[in-house]
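Asks: Next comes input-v2.txt, compact mmCIF, C-alpha atoms:
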```txt
# COMPACT_ATOMS: atom_id res chain seq x y z
CA MET A 240 30.62 15.72 -10.21
CA SER A 241 31.27 15.82 -13.96
CA ALA A 242 28.72 17.10 -16.43
CA VAL A 243 28.66 13.68 -18.11
CA VAL A 244 27.67 11.94 -14.87
CA LYS A 245 24.95 14.51 -14.19
CA ALA A 246 23.59 14.14 -17.70
CA SER A 247 23.56 10.34 -17.49
CA ARG A 248 21.68 10.47 -14.19
CA LYS A 249 19.09 12.84 -15.65
CA VAL A 250 18.43 10.29 -18.39
CA SER A 251 18.73 7.11 -16.34
CA ALA A 252 16.44 8.17 -13.47
CA PRO A 253 13.20 8.49 -15.50
CA LEU A 254 14.12 5.36 -17.45
CA LEU A 255 14.57 3.44 -14.21
CA LEU A 256 11.28 4.80 -12.90
CA THR A 257 9.56 3.68 -16.09
CA ALA A 258 11.17 0.25 -15.91
CA VAL A 259 10.09 -0.28 -12.30
CA PHE A 260 6.54 0.79 -13.01
CA LEU A 261 6.20 -1.38 -16.10
CA ALA A 262 7.76 -4.35 -14.31
CA LEU A 263 5.03 -4.08 -11.69
CA THR A 264 2.09 -3.46 -14.02
CA LEU A 265 2.71 -5.46 -17.19
CA PRO A 266 2.38 -8.87 -15.45
CA VAL A 267 -1.02 -7.75 -14.15
CA ILE A 268 -2.12 -6.74 -17.64
CA ALA A 269 -0.81 -9.96 -19.15
CA VAL A 270 -2.38 -12.33 -16.61
CA GLN A 271 -5.72 -10.53 -16.06
CA ARG A 272 -7.19 -12.38 -13.11
CA GLY A 273 -9.69 -11.17 -10.54
CA GLY A 274 -9.25 -10.74 -6.81
CA THR A 275 -8.85 -6.99 -6.43
CA GLY A 276 -11.23 -4.07 -6.20
CA ALA A 277 -9.76 -2.69 -9.43
CA ALA A 278 -10.47 -5.94 -11.26
CA LEU A 279 -14.07 -5.91 -10.04
CA ASP A 280 -14.53 -2.28 -11.07
CA GLN A 281 -13.15 -3.05 -14.52
CA GLU A 282 -15.49 -5.95 -15.16
CA VAL A 283 -18.65 -4.58 -13.55
CA TYR A 284 -18.40 -0.88 -14.37
CA HIS A 285 -15.62 0.42 -16.60
CA LEU A 286 -15.37 -2.20 -19.35
CA PRO A 287 -19.17 -2.42 -19.85
CA THR A 288 -19.36 1.38 -20.00
CA ILE A 289 -16.56 1.57 -22.58
CA GLU A 290 -18.32 -1.09 -24.64
CA ALA A 291 -21.67 0.72 -24.34
CA PHE A 292 -20.14 4.06 -25.36
CA ALA A 293 -18.38 2.37 -28.30
CA ALA A 294 -21.68 0.92 -29.52
CA GLU A 295 -23.41 4.29 -29.14
CA LEU A 296 -20.80 6.38 -30.97
CA PRO A 297 -20.94 9.13 -32.07
CA SER A 298 -23.54 10.02 -29.39
CA PRO A 299 -22.99 7.96 -26.24
CA ASP A 300 -25.61 8.23 -23.50
CA LEU A 301 -23.78 9.96 -20.64
CA GLU A 302 -26.88 10.20 -18.44
CA GLU A 303 -27.33 6.44 -18.13
CA ALA A 304 -23.64 5.62 -17.75
CA ASN A 305 -22.93 2.65 -15.51
CA VAL A 306 -20.18 4.49 -13.61
CA ALA A 307 -20.33 6.97 -10.75
CA MET A 308 -17.64 9.30 -12.07
CA GLY A 309 -16.98 11.55 -15.04
CA PRO A 310 -17.07 9.92 -18.49
CA LEU A 311 -13.77 11.10 -20.02
CA PHE A 312 -11.84 7.85 -19.44
CA HIS A 313 -14.58 5.81 -21.08
CA LEU A 314 -15.09 8.31 -23.90
CA THR A 315 -11.35 8.18 -24.62
CA LEU A 316 -11.27 4.39 -24.89
CA ALA A 317 -14.62 4.00 -26.66
CA PRO A 318 -13.19 4.81 -30.14
CA VAL A 319 -10.37 2.36 -29.47
CA ALA A 320 -12.90 -0.35 -28.64
CA ARG A 321 -14.98 0.53 -31.71
CA PHE A 322 -12.32 0.98 -34.37
CA VAL A 323 -9.20 -0.82 -33.10
CA SER A 324 -10.12 -3.64 -30.73
CA ASP A 325 -12.31 -4.18 -27.70
CA GLU A 326 -10.01 -6.84 -26.28
CA ARG A 327 -8.80 -6.11 -22.75
CA PRO A 328 -5.03 -6.13 -23.55
CA VAL A 329 -5.50 -3.51 -26.27
CA LEU A 330 -7.63 -1.23 -24.11
CA LEU A 331 -5.23 -1.67 -21.19
CA ALA A 332 -2.25 -0.80 -23.38
CA PHE A 333 -3.89 2.48 -24.39
CA ALA A 334 -4.92 3.22 -20.79
CA LEU A 335 -1.40 2.48 -19.55
CA VAL A 336 -0.25 5.70 -21.21
CA PHE A 337 -2.18 7.71 -18.61
CA SER A 338 -0.86 5.67 -15.68
CA LEU A 339 2.76 5.91 -16.77
CA GLY A 340 2.14 9.55 -17.60
CA ALA A 341 0.96 10.26 -14.06
CA VAL A 342 4.10 8.75 -12.53
CA LEU A 343 6.46 10.46 -14.97
CA ALA A 344 4.63 13.78 -14.64
CA ALA A 345 5.18 13.67 -10.88
CA TYR A 346 8.87 12.92 -11.45
CA PHE A 347 9.43 15.71 -13.98
CA VAL A 348 7.77 18.21 -11.66
CA VAL A 349 9.87 17.15 -8.67
CA VAL A 350 13.11 17.04 -10.67
CA ARG A 351 12.72 20.75 -11.39
CA LEU A 352 13.47 21.26 -7.70
CA VAL A 353 16.03 18.60 -6.78
CA GLU A 354 18.63 16.39 -8.42
CA SER A 355 17.48 13.38 -10.42
CA ARG A 356 18.47 10.70 -7.89
CA LEU A 357 16.58 12.42 -5.12
CA ALA A 358 13.59 13.06 -7.38
CA LEU A 359 13.53 9.35 -8.20
CA ALA A 360 13.59 8.45 -4.51
CA LEU A 361 10.77 10.89 -3.76
CA VAL A 362 8.51 9.58 -6.53
CA LEU A 363 9.22 5.82 -6.31
CA PRO A 364 6.75 5.33 -3.43
CA LEU A 365 4.03 6.60 -5.78
CA ALA A 366 5.11 4.31 -8.63
CA CYS A 367 5.18 1.34 -6.24
CA SER A 368 1.82 2.06 -4.60
CA HIS A 369 -0.41 -0.96 -5.11
CA TYR A 370 -3.32 1.38 -5.76
CA VAL A 371 -1.47 3.00 -8.65
CA VAL A 372 -0.40 -0.43 -9.92
CA GLN A 373 -3.97 -1.73 -9.69
CA SER A 374 -5.36 1.25 -11.57
CA ALA A 375 -2.80 0.60 -14.32
CA GLY A 376 -3.23 -3.17 -14.38
CA TRP A 377 -7.00 -3.02 -14.80
CA LEU A 378 -9.23 -0.45 -16.50
CA ASN A 379 -9.77 2.28 -13.90
CA THR A 380 -10.05 6.05 -13.95
CA ASP A 381 -7.84 6.91 -10.97
CA ASN A 382 -4.48 7.34 -12.70
CA MET A 383 -5.90 9.38 -15.56
CA ALA A 384 -7.34 11.85 -13.06
CA LEU A 385 -4.06 11.83 -11.12
CA LEU A 386 -2.12 12.76 -14.27
CA PHE A 387 -4.26 15.84 -14.89
CA ALA A 388 -4.18 16.80 -11.20
CA VAL A 389 -0.37 16.72 -11.18
CA VAL A 390 -0.33 19.03 -14.20
CA VAL A 391 -2.70 21.48 -12.49
CA LEU A 392 -0.67 21.48 -9.27
CA ALA A 393 2.56 21.96 -11.19
CA GLY A 394 1.08 24.92 -13.04
CA CYS A 395 -0.23 26.52 -9.85
CA LEU A 396 3.13 26.08 -8.15
CA GLY A 397 4.96 27.59 -11.11
CA LEU A 398 6.77 24.33 -11.91
CA ALA A 399 5.37 23.71 -15.39
CA GLY A 400 6.79 26.66 -17.27
CA ASP A 401 5.57 30.24 -17.67
CA ARG A 402 2.95 29.36 -20.27
CA ALA A 403 1.21 26.78 -18.07
CA TRP A 404 -0.77 29.48 -16.29
CA PRO A 405 -3.51 29.86 -17.17
CA TRP A 406 -4.06 27.81 -20.35
CA LEU A 407 -2.55 24.44 -19.46
CA VAL A 408 -3.92 24.62 -15.93
CA GLY A 409 -7.45 25.34 -17.09
CA VAL A 410 -7.53 22.59 -19.70
CA ALA A 411 -5.96 20.03 -17.38
CA ALA A 412 -8.44 20.91 -14.61
CA LEU A 413 -11.34 20.49 -17.04
CA LEU A 414 -10.07 17.08 -18.14
CA CYS A 415 -9.53 16.08 -14.52
CA VAL A 416 -13.06 17.00 -13.46
CA TRP A 417 -14.49 15.17 -16.46
CA THR A 418 -12.50 12.10 -15.43
CA ARG A 419 -13.48 12.20 -11.75
CA GLN A 420 -15.78 14.99 -10.59
CA SER A 421 -14.42 14.64 -7.05
CA TYR A 422 -11.39 16.64 -8.25
CA ALA A 423 -13.51 19.79 -8.31
CA TRP A 424 -11.37 20.97 -5.37
CA LEU A 425 -8.74 21.92 -7.96
CA VAL A 426 -10.82 25.03 -8.66
CA GLY A 427 -10.12 26.19 -5.10
CA VAL A 428 -6.37 25.72 -5.60
CA ILE A 429 -6.56 27.71 -8.86
CA LEU A 430 -8.45 30.56 -7.21
CA LEU A 431 -6.02 30.61 -4.30
CA THR A 432 -3.14 30.77 -6.78
CA GLY A 433 -4.78 33.84 -8.31
CA ALA A 434 -5.25 35.39 -4.87
CA PHE A 435 -1.54 34.98 -4.10
CA ALA A 436 -0.66 36.53 -7.46
CA PHE A 437 -2.97 39.46 -6.74
CA THR A 438 -1.39 40.17 -3.35
CA ALA A 439 2.05 40.00 -4.98
CA GLY A 440 1.04 42.55 -7.61
CA GLY A 441 0.89 40.06 -10.47
CA GLU A 442 -0.80 41.15 -13.68
CA PRO A 443 -3.39 40.78 -15.06
CA THR A 444 -4.39 38.56 -12.15
CA ALA A 445 -8.20 38.49 -12.30
CA ARG A 446 -8.40 37.72 -16.02
CA ARG A 447 -5.74 35.00 -15.93
CA THR A 448 -7.29 33.35 -12.88
CA ALA A 449 -10.71 33.41 -14.53
CA LEU A 450 -9.22 31.81 -17.64
CA ALA A 451 -7.77 29.00 -15.54
CA ALA A 452 -10.80 28.44 -13.31
CA THR A 453 -13.58 28.74 -15.89
CA PRO A 454 -13.04 25.48 -17.85
CA PRO A 455 -13.36 23.11 -14.84
CA VAL A 456 -16.33 25.07 -13.47
CA VAL A 457 -18.12 24.94 -16.82
CA GLY A 458 -17.22 21.27 -17.16
CA LEU A 459 -18.65 20.43 -13.75
CA ILE A 460 -21.83 22.40 -14.46
CA ALA A 461 -22.23 20.48 -17.72
CA LEU A 462 -22.03 17.16 -15.85
CA VAL A 463 -24.56 18.33 -13.28
CA VAL A 464 -26.95 19.36 -16.07
CA VAL A 465 -26.56 16.02 -17.88
CA TRP A 466 -26.88 13.93 -14.71
CA GLY A 467 -29.31 16.10 -12.79
CA GLY A 468 -26.90 16.07 -9.85
CA LEU A 469 -23.33 15.33 -8.83
CA ALA A 470 -23.46 11.73 -10.09
CA PRO A 471 -25.33 9.76 -12.77
CA PRO A 472 -28.92 8.94 -11.77
CA ARG A 473 -28.28 5.33 -10.80
CA PHE A 474 -25.54 6.43 -8.38
CA LYS A 475 -27.40 9.20 -6.58
CA GLY A 476 -27.26 7.11 -3.39
CA ASP A 477 -23.46 7.49 -3.34
CA VAL A 478 -23.82 11.11 -2.20
CA GLU A 479 -23.81 10.71 1.60
CA PRO A 480 -21.94 12.70 4.27
CA SER A 481 -18.85 10.97 5.68
CA PRO A 482 -17.34 13.30 8.32
CA GLU A 483 -14.68 10.72 9.27
CA VAL A 484 -12.91 11.46 6.02
CA PHE A 485 -11.07 14.44 7.55
CA ALA A 486 -9.57 12.30 10.30
CA PHE A 487 -8.71 9.57 7.80
CA THR A 488 -6.99 12.03 5.46
CA LEU A 489 -4.91 13.48 8.28
CA ALA A 490 -4.02 10.02 9.56
CA LEU A 491 -2.89 8.81 6.15
CA PHE A 492 -0.99 12.03 5.50
CA GLY A 493 0.78 11.76 8.86
CA LEU A 494 1.78 8.13 8.42
CA PHE A 495 3.18 8.54 4.92
CA ALA A 496 4.90 11.80 5.88
CA VAL A 497 7.37 10.17 8.28
CA PRO A 498 10.01 9.13 5.71
CA TYR A 499 9.58 12.40 3.81
CA LEU A 500 10.10 14.38 7.02
CA ILE A 501 13.21 12.35 7.80
CA ALA A 502 14.47 13.00 4.29
CA ALA A 503 13.84 16.72 4.87
CA ASN A 504 16.00 16.51 8.01
CA GLN A 505 13.09 17.04 10.42
CA SER A 506 13.13 15.46 13.88
CA ILE A 507 10.07 13.32 14.62
CA ALA A 508 10.93 13.32 18.34
CA LYS A 509 11.04 17.11 18.48
CA MET A 510 7.67 17.32 16.76
CA LEU A 511 6.13 15.06 19.39
CA VAL A 512 7.72 16.96 22.27
CA ALA A 513 6.45 20.22 20.80
CA VAL A 514 2.87 19.21 21.66
CA VAL A 515 3.54 20.05 25.33
CA ARG A 516 5.94 22.92 24.72
CA ASP A 517 4.47 24.83 21.79
CA ARG A 518 0.97 26.29 21.81
CA GLY A 519 0.55 26.08 18.05
CA SER A 520 1.47 22.39 18.03
CA ALA A 521 -0.92 21.68 20.88
CA VAL A 522 -3.77 23.46 19.09
CA ALA A 523 -3.04 21.63 15.84
CA ALA A 524 -3.00 18.26 17.58
CA ALA A 525 -6.26 19.06 19.36
CA LEU A 526 -7.96 20.12 16.13
CA GLY A 527 -6.72 17.02 14.37
CA ALA A 528 -7.98 14.78 17.17
CA ALA A 529 -11.35 16.54 17.08
CA THR A 530 -11.90 15.45 13.48
CA ALA A 531 -12.00 11.83 14.70
CA LEU A 532 -14.70 12.49 17.31
CA ALA A 533 -17.76 12.12 15.06
CA PRO A 534 -20.54 11.22 17.54
CA VAL A 535 -22.54 9.15 15.02
CA PRO A 536 -20.74 6.85 12.55
CA SER A 537 -21.52 7.69 8.95
CA LYS A 538 -23.11 5.25 6.53
CA ALA A 539 -19.67 4.65 5.06
CA ILE A 540 -18.47 3.26 8.39
CA GLU A 541 -21.65 1.42 9.37
CA GLU A 542 -22.03 -0.37 6.03
CA GLY A 543 -18.34 -0.94 5.37
CA PHE A 544 -17.78 1.41 2.43
CA THR A 545 -14.15 1.76 3.44
CA GLY A 546 -11.04 -0.03 2.29
CA GLY A 547 -7.30 -0.28 2.73
CA ALA A 548 -4.87 -1.24 5.45
CA LEU A 549 -5.42 1.89 7.55
CA TRP A 550 -9.20 1.51 7.68
CA LEU A 551 -8.82 -2.22 8.36
CA THR A 552 -6.56 -1.45 11.32
CA VAL A 553 -8.81 1.31 12.64
CA ASN A 554 -11.93 -0.80 12.31
CA LYS A 555 -10.32 -3.69 14.24
CA ALA A 556 -8.98 -1.47 17.02
CA PRO A 557 -11.07 -1.08 20.20
CA LEU A 558 -13.58 1.75 20.56
CA ILE A 559 -14.25 3.96 23.56
CA ALA A 560 -17.75 5.46 23.60
CA GLY A 561 -17.97 4.77 19.87
CA VAL A 562 -14.71 6.59 19.12
CA SER A 563 -11.50 5.02 17.86
CA PRO A 564 -8.57 6.16 20.06
CA LEU A 565 -6.21 5.00 17.33
CA LEU A 566 -7.82 7.24 14.73
CA VAL A 567 -7.83 10.13 17.21
CA LEU A 568 -4.08 9.77 17.78
CA LEU A 569 -3.28 9.35 14.09
CA ALA A 570 -5.41 12.35 13.11
CA ALA A 571 -3.68 14.45 15.78
CA TRP A 572 -0.31 13.38 14.40
CA GLY A 573 -1.43 14.23 10.86
CA ALA A 574 -2.38 17.74 11.96
CA LEU A 575 1.04 18.14 13.63
CA VAL A 576 2.68 17.06 10.39
CA ALA A 577 0.66 19.56 8.37
CA LEU A 578 1.67 22.33 10.78
CA ARG A 579 5.33 21.33 10.54
CA TRP A 580 5.29 21.49 6.75
CA TYR A 581 3.51 24.85 6.90
CA ARG A 582 6.06 26.32 9.28
CA LEU A 583 8.99 24.84 7.37
CA HIS A 584 7.95 26.49 4.13
CA ARG A 585 6.81 29.72 5.77
CA ASP A 586 10.18 30.15 7.47
CA ALA A 587 12.01 29.41 4.21
CA GLY A 588 10.02 32.05 2.30
CA ARG A 589 7.84 29.49 0.51
CA LEU A 590 4.54 30.29 2.23
CA ARG A 591 2.65 30.38 -1.06
CA GLU A 592 3.80 26.92 -2.15
CA GLY A 593 3.24 25.35 1.25
CA VAL A 594 -0.28 26.76 1.59
CA LEU A 595 -1.26 25.69 -1.93
CA ILE A 596 -0.18 22.10 -1.32
CA LEU A 597 -1.85 21.87 2.07
CA THR A 598 -4.99 23.42 0.56
CA ALA A 599 -4.97 20.60 -1.97
CA LEU A 600 -4.88 18.11 0.90
CA PHE A 601 -7.88 19.79 2.54
CA GLY A 602 -9.66 19.86 -0.81
CA VAL A 603 -9.26 16.11 -1.23
CA ALA A 604 -10.84 15.52 2.17
CA LEU A 605 -13.63 18.03 1.58
CA ALA A 606 -14.56 16.55 -1.79
CA HIS A 607 -14.82 13.05 -0.37
CA ALA A 608 -16.71 14.13 2.74
CA ALA A 609 -19.87 14.07 0.61
CA LYS A 610 -19.28 10.54 -0.69
CA ILE A 611 -20.38 7.26 0.83
CA HIS A 612 -17.21 5.51 -0.37
CA VAL A 613 -14.28 6.53 1.84
CA LEU A 614 -11.80 4.22 0.17
CA HIS A 615 -8.07 4.31 0.80
CA LYS A 616 -7.36 4.23 -2.96
CA TYR A 617 -8.94 7.65 -3.44
CA PHE A 618 -6.38 9.28 -1.12
CA GLU A 619 -3.03 7.50 -1.17
CA PRO A 620 -1.72 8.40 -4.65
CA LEU A 621 -2.44 12.10 -4.28
CA VAL A 622 -1.11 12.19 -0.71
CA LEU A 623 2.16 10.73 -2.02
CA VAL A 624 2.32 13.38 -4.75
CA LEU A 625 1.73 16.19 -2.24
CA LEU A 626 4.38 14.82 0.13
CA ALA A 627 6.90 14.49 -2.71
CA LEU A 628 6.27 18.15 -3.59
CA LEU A 629 6.52 19.33 0.03
CA ALA A 630 9.75 17.43 0.57
CA ALA A 631 11.26 18.51 -2.75
CA LEU A 632 10.58 22.17 -2.00
CA ALA A 633 12.21 21.77 1.42
CA LEU A 634 15.20 19.89 0.02
CA ALA A 635 15.76 22.26 -2.88
CA ASP A 636 17.66 24.67 -0.64
CA ASP A 637 19.79 22.51 1.62
CA TRP A 638 20.38 19.24 -0.27
CA PRO A 639 23.61 20.38 -1.96
CA GLU A 640 25.07 21.27 1.44
CA ARG A 641 23.89 18.12 3.24
CA SER A 642 26.55 15.72 4.53
CA GLU A 643 26.94 12.33 2.91
CA ARG A 644 25.63 10.67 6.08
CA SER A 645 22.54 12.86 6.06
CA ARG A 646 21.90 11.99 2.43
CA ARG A 647 22.19 8.28 3.16
CA VAL A 648 19.64 8.64 5.94
CA ALA A 649 17.24 10.37 3.55
CA PHE A 650 17.61 7.67 0.91
CA ALA A 651 17.25 4.94 3.55
CA ALA A 652 14.01 6.45 4.88
CA LEU A 653 12.49 6.74 1.41
CA GLY A 654 13.82 3.30 0.49
CA ALA A 655 12.05 1.80 3.50
CA LEU A 656 8.77 3.27 2.28
CA VAL A 657 9.39 1.83 -1.19
CA ALA A 658 9.96 -1.59 0.38
CA ILE A 659 6.65 -1.31 2.24
CA GLN A 660 4.90 -0.29 -0.96
CA LEU A 661 6.38 -3.26 -2.83
CA LEU A 662 5.17 -5.55 -0.05
CA GLY A 663 1.72 -4.08 -0.59
CA VAL A 664 1.90 -4.88 -4.32
CA SER A 665 3.01 -8.42 -3.54
CA LEU A 666 0.16 -9.06 -1.10
CA GLU A 667 -2.68 -6.92 -2.43
CA VAL A 668 -2.13 -7.41 -6.15
CA TYR A 669 -0.15 -10.55 -6.94
CA GLY A 670 -1.34 -12.38 -3.82
CA GLU A 671 -4.99 -11.70 -4.52
CA MET A 672 -4.60 -12.57 -8.19
CA SER A 673 -3.02 -15.92 -7.36
CA GLN A 674 -6.15 -16.93 -5.46
CA SER A 675 -8.64 -15.77 -8.07
CA PRO A 676 -9.92 -17.34 -11.30
CA PRO A 677 -9.30 -15.77 -14.73
CA ILE A 678 -11.01 -12.45 -15.20
CA ASP A 679 -13.67 -13.85 -17.54
CA GLN A 680 -14.86 -16.21 -14.80
CA ALA A 681 -14.45 -13.96 -11.77
CA TYR A 682 -17.42 -11.61 -11.76
CA GLY A 683 -20.12 -13.11 -13.97
CA ASP A 684 -22.93 -12.79 -11.44
CA LEU A 685 -22.02 -9.21 -10.55
CA LYS A 686 -21.85 -8.20 -14.21
CA ASP A 687 -25.28 -9.64 -14.83
CA GLY A 688 -26.61 -7.75 -11.82
CA ALA A 689 -25.07 -4.48 -12.97
CA ARG A 690 -26.85 -4.75 -16.29
```
Before we go any further, please render this structure as structure tokens.

Replies:
Amino acid sequence: MSAVVKASRKVSAPLLLTAVFLALTLPVIAVQRGGTGAALDQEVYHLPTIEAFAAELPSPDLEEANVAMGPLFHLTLAPVARFVSDERPVLLAFALVFSLGAVLAAYFVVVRLVESRLALALVLPLACSHYVVQSAGWLNTDNMALLFAVVVLAGCLGLAGDRAWPWLVGVAALLCVWTRQSYAWLVGVILLTGAFAFTAGGEPTARRTALAATPPVVGLIALVVVWGGLAPPRFKGDVEPSPEVFAFTLALFGLFAVPYLIAANQSIAKMLVAVVRDRGSAVAAALGAATALAPVPSKAIEEGFTGGALWLTVNKAPLIAGVSPLLVLLAAWGALVALRWYRLHRDAGRLREGVLILTALFGVALAHAAKIHVLHKYFEPLVLVLLALLAALALADDWPERSERSRRVAFAALGALVAIQLLGVSLEVYGEMSQSPPIDQAYGDLKDGAR
């Protein structure tokens, strides 16, 4: 392949990714109708909070904020609302920078490992996720937090340049925690990165790790002091144990992993057969299944604080002694998938990278196990980022030697996932919008109640 063709692909891939993402999100911004959870959150929580902070500048009241998460998103847009315009299209245009930034950040991390076409294919499912599109089309904090999380993960994996650790990692982790405090699990990934560096004889490990971990820890402590807890006072009831979150995380991870495993040239059939032939696989499947055996449903399940296609399917499936066999099977499969990725990277000499990424997955589940809202949208975007990283690391070694047929299979598998994601956007975003009134008329009663 000529250098000119390679160069053109390096330029065209991120441009195509940008074009696809904007084509999906700009119509949502332009039309601004209700019908989705993101639209409701914008009108009832985020937009009123931005307006309140704007009116209170330069000293907004963080303690009485009408949102359950960190205030950075609202603090960032408050000056825009105060000094530029408080109209939705203007605020959404500013917020779109973070959403597009999250998608492009994921791409530029992945493209450090694989060629541009493959990086595009690995990241497109994220760009086409209807949860990412919703968070870009309405004022929501999810994509801003995702952007900072991608930067932290890239720094910990050594994919953001030598200077990223510890300064960029520490600042990005602080910003992430102040956007959504549920990302406090990033501190664990940072500390684990330092532990790996210590065992490898890195220097000066303790000081550099402390420099990276201190900002998010201090930031989280500051929020706890201001709020008197892990959430603003009016949302204290949101802190409830939800043990099912571990099974849900594994199930979602396992389902989305299938096309990425196929792209990485892994046999799904062999993984299933290994349950009866390999002790490690059997133990992993058993442990995964055990996470779905919560004897007493949490408040999140009993009162319906769940959301998304997977929860909808699980909740409609039959129960046996109060347990969902479907969730048990899916959680067992998710644990098998996690083991396969671990072994794949361990055997290829990438134990550190594999463990860090899988630790991030566990951290996501652990952070949300203390929340009453076990919503699909809190998991899918980050799961897609982690899978793109796992697959890119695996493909970095053997992709140049892969046959043309094998490459076509990989692109077909990832393309199928993109098609499913686009169907989700069509149904869950555009479909819901088409049946809803304009945004100004959609949530009047709820907004009055929130005040």

Asks: Enclose the full set of atoms of segment 450-467 of chain A listed in the file within a box whose edges lie along x, y and z, apply 5 Å of padding to each of the six sides, and report centre and edge lengths in Å to one decimal as AutoDock Vina command-line options.

Replies:
```
--center_x -18.5 --center_y 22.9 --center_z -15.3 --size_x 31.5 --size_y 27.9 --size_z 15.1
```

Asks: For Leu629 of chain A, which residue among A:Ala384, A:Arg579, A:Arg641, A:Ile659 is the nearest when counting only C-alpha atoms?

Replies: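 Among the listed residues, the smallest separation from Leu629 of chain A belongs to A:Arg579.
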
Asks: When you count all atoms listed in the file, which of these residues is closest to Asp637 of chain A: A:Ala375, A:Leu590, A:Leu352, A:Ala304?

Replies: A:Leu352

Asks: Using only C-alpha atoms - which residues lie no farther than 7 Å from the point (-8.7, -2.5, -17.9) in the file's frame? Write them as a count of residues only.

Replies: 9

Asks: Counting all atoms listed in the file, which of A:Val622, A:Ala436, A:Ala291, A:Ala344 gets nearest to Glu592 of chain A?

Replies: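 Counting all atoms listed in the file, the residue closest to Glu592 of chain A is A:Ala436.
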
Asks: Atom CA of Ala411 of chain A and atom CA of Ala608 of chain A are how many Å apart?

Replies: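 Computing the Euclidean distance for atom CA of Ala411 of chain A and atom CA of Ala608 of chain A yields 23.6 Å.
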
Asks: Grab the atom CA of Pro472 of chain A to atom CA of Thr418 of chain A distance for me, in Å with one decimal place.

Replies: 17.1 Å

Asks: To one decimal place, how far is atom CA of Asp280 of chain A from atom CA of Thr380 of chain A in Å?

Replies: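 Spanning atom CA of Asp280 of chain A to atom CA of Thr380 of chain A is a straight-line distance of 9.9 Å.
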
Asks: Between A:Leu578, A:Ala548, A:Val484, A:Leu396, which has the minimum distance to Val514 of chain A (counting only C-alpha atoms)?

Replies: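 Distance minimum relative to Val514 of chain A lands on A:Leu578.
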
Asks: Which residue is closest to Trp580 of chain A? Choose from A:Val465, A:Val522, A:Val336, A:Leu625 and count all atoms listed in the file.

Replies: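 Once distances to Trp580 of chain A are computed over all atoms listed in the file, the minimum belongs to A:Leu625.
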
Asks: Contacts of Pro299 of chain A at 10 Å or less, counting only C-alpha atoms, minus same-chain residues fewer than 5 places along, as JSON, numbers by chain?

Replies: {"A": [288, 289, 291, 292, 293, 294, 304, 310, 314, 317]}

Asks: Output segment 454-466 of chain A with N, CA and C atoms present, as a short mmCIF file (atom, residue, chain, number, x, y, z; two decimals), keeping the file's coordinate frame.

Replies:
```cif
data_model
loop_
_atom_site.label_atom_id
_atom_site.label_comp_id
_atom_site.auth_asym_id
_atom_site.auth_seq_id
_atom_site.Cartn_x
_atom_site.Cartn_y
_atom_site.Cartn_z
N PRO A 454 -12.79 26.78 -17.21
CA PRO A 454 -13.04 25.48 -17.85
C PRO A 454 -13.52 24.38 -16.89
N PRO A 455 -12.85 24.16 -15.72
CA PRO A 455 -13.36 23.11 -14.84
C PRO A 455 -14.73 23.42 -14.27
N VAL A 456 -15.01 24.70 -13.99
CA VAL A 456 -16.33 25.07 -13.47
C VAL A 456 -17.41 24.78 -14.50
N VAL A 457 -17.16 25.19 -15.74
CA VAL A 457 -18.12 24.94 -16.82
C VAL A 457 -18.28 23.44 -17.04
N GLY A 458 -17.16 22.72 -16.99
CA GLY A 458 -17.22 21.27 -17.16
C GLY A 458 -18.04 20.59 -16.10
N LEU A 459 -17.88 21.02 -14.85
CA LEU A 459 -18.65 20.43 -13.75
C LEU A 459 -20.13 20.76 -13.88
N ILE A 460 -20.43 22.00 -14.26
CA ILE A 460 -21.83 22.40 -14.46
C ILE A 460 -22.46 21.55 -15.56
N ALA A 461 -21.71 21.30 -16.62
CA ALA A 461 -22.23 20.48 -17.72
C ALA A 461 -22.59 19.08 -17.24
N LEU A 462 -21.73 18.49 -16.40
CA LEU A 462 -22.03 17.16 -15.85
C LEU A 462 -23.27 17.19 -14.98
N VAL A 463 -23.39 18.22 -14.15
CA VAL A 463 -24.56 18.33 -13.28
C VAL A 463 -25.84 18.45 -14.11
N VAL A 464 -25.77 19.20 -15.20
CA VAL A 464 -26.95 19.36 -16.07
C VAL A 464 -27.31 18.02 -16.71
N VAL A 465 -26.31 17.31 -17.22
CA VAL A 465 -26.56 16.02 -17.88
C VAL A 465 -27.11 15.00 -16.90
N TRP A 466 -26.51 14.94 -15.69
CA TRP A 466 -26.88 13.93 -14.71
C TRP A 466 -28.07 14.34 -13.84
#
```
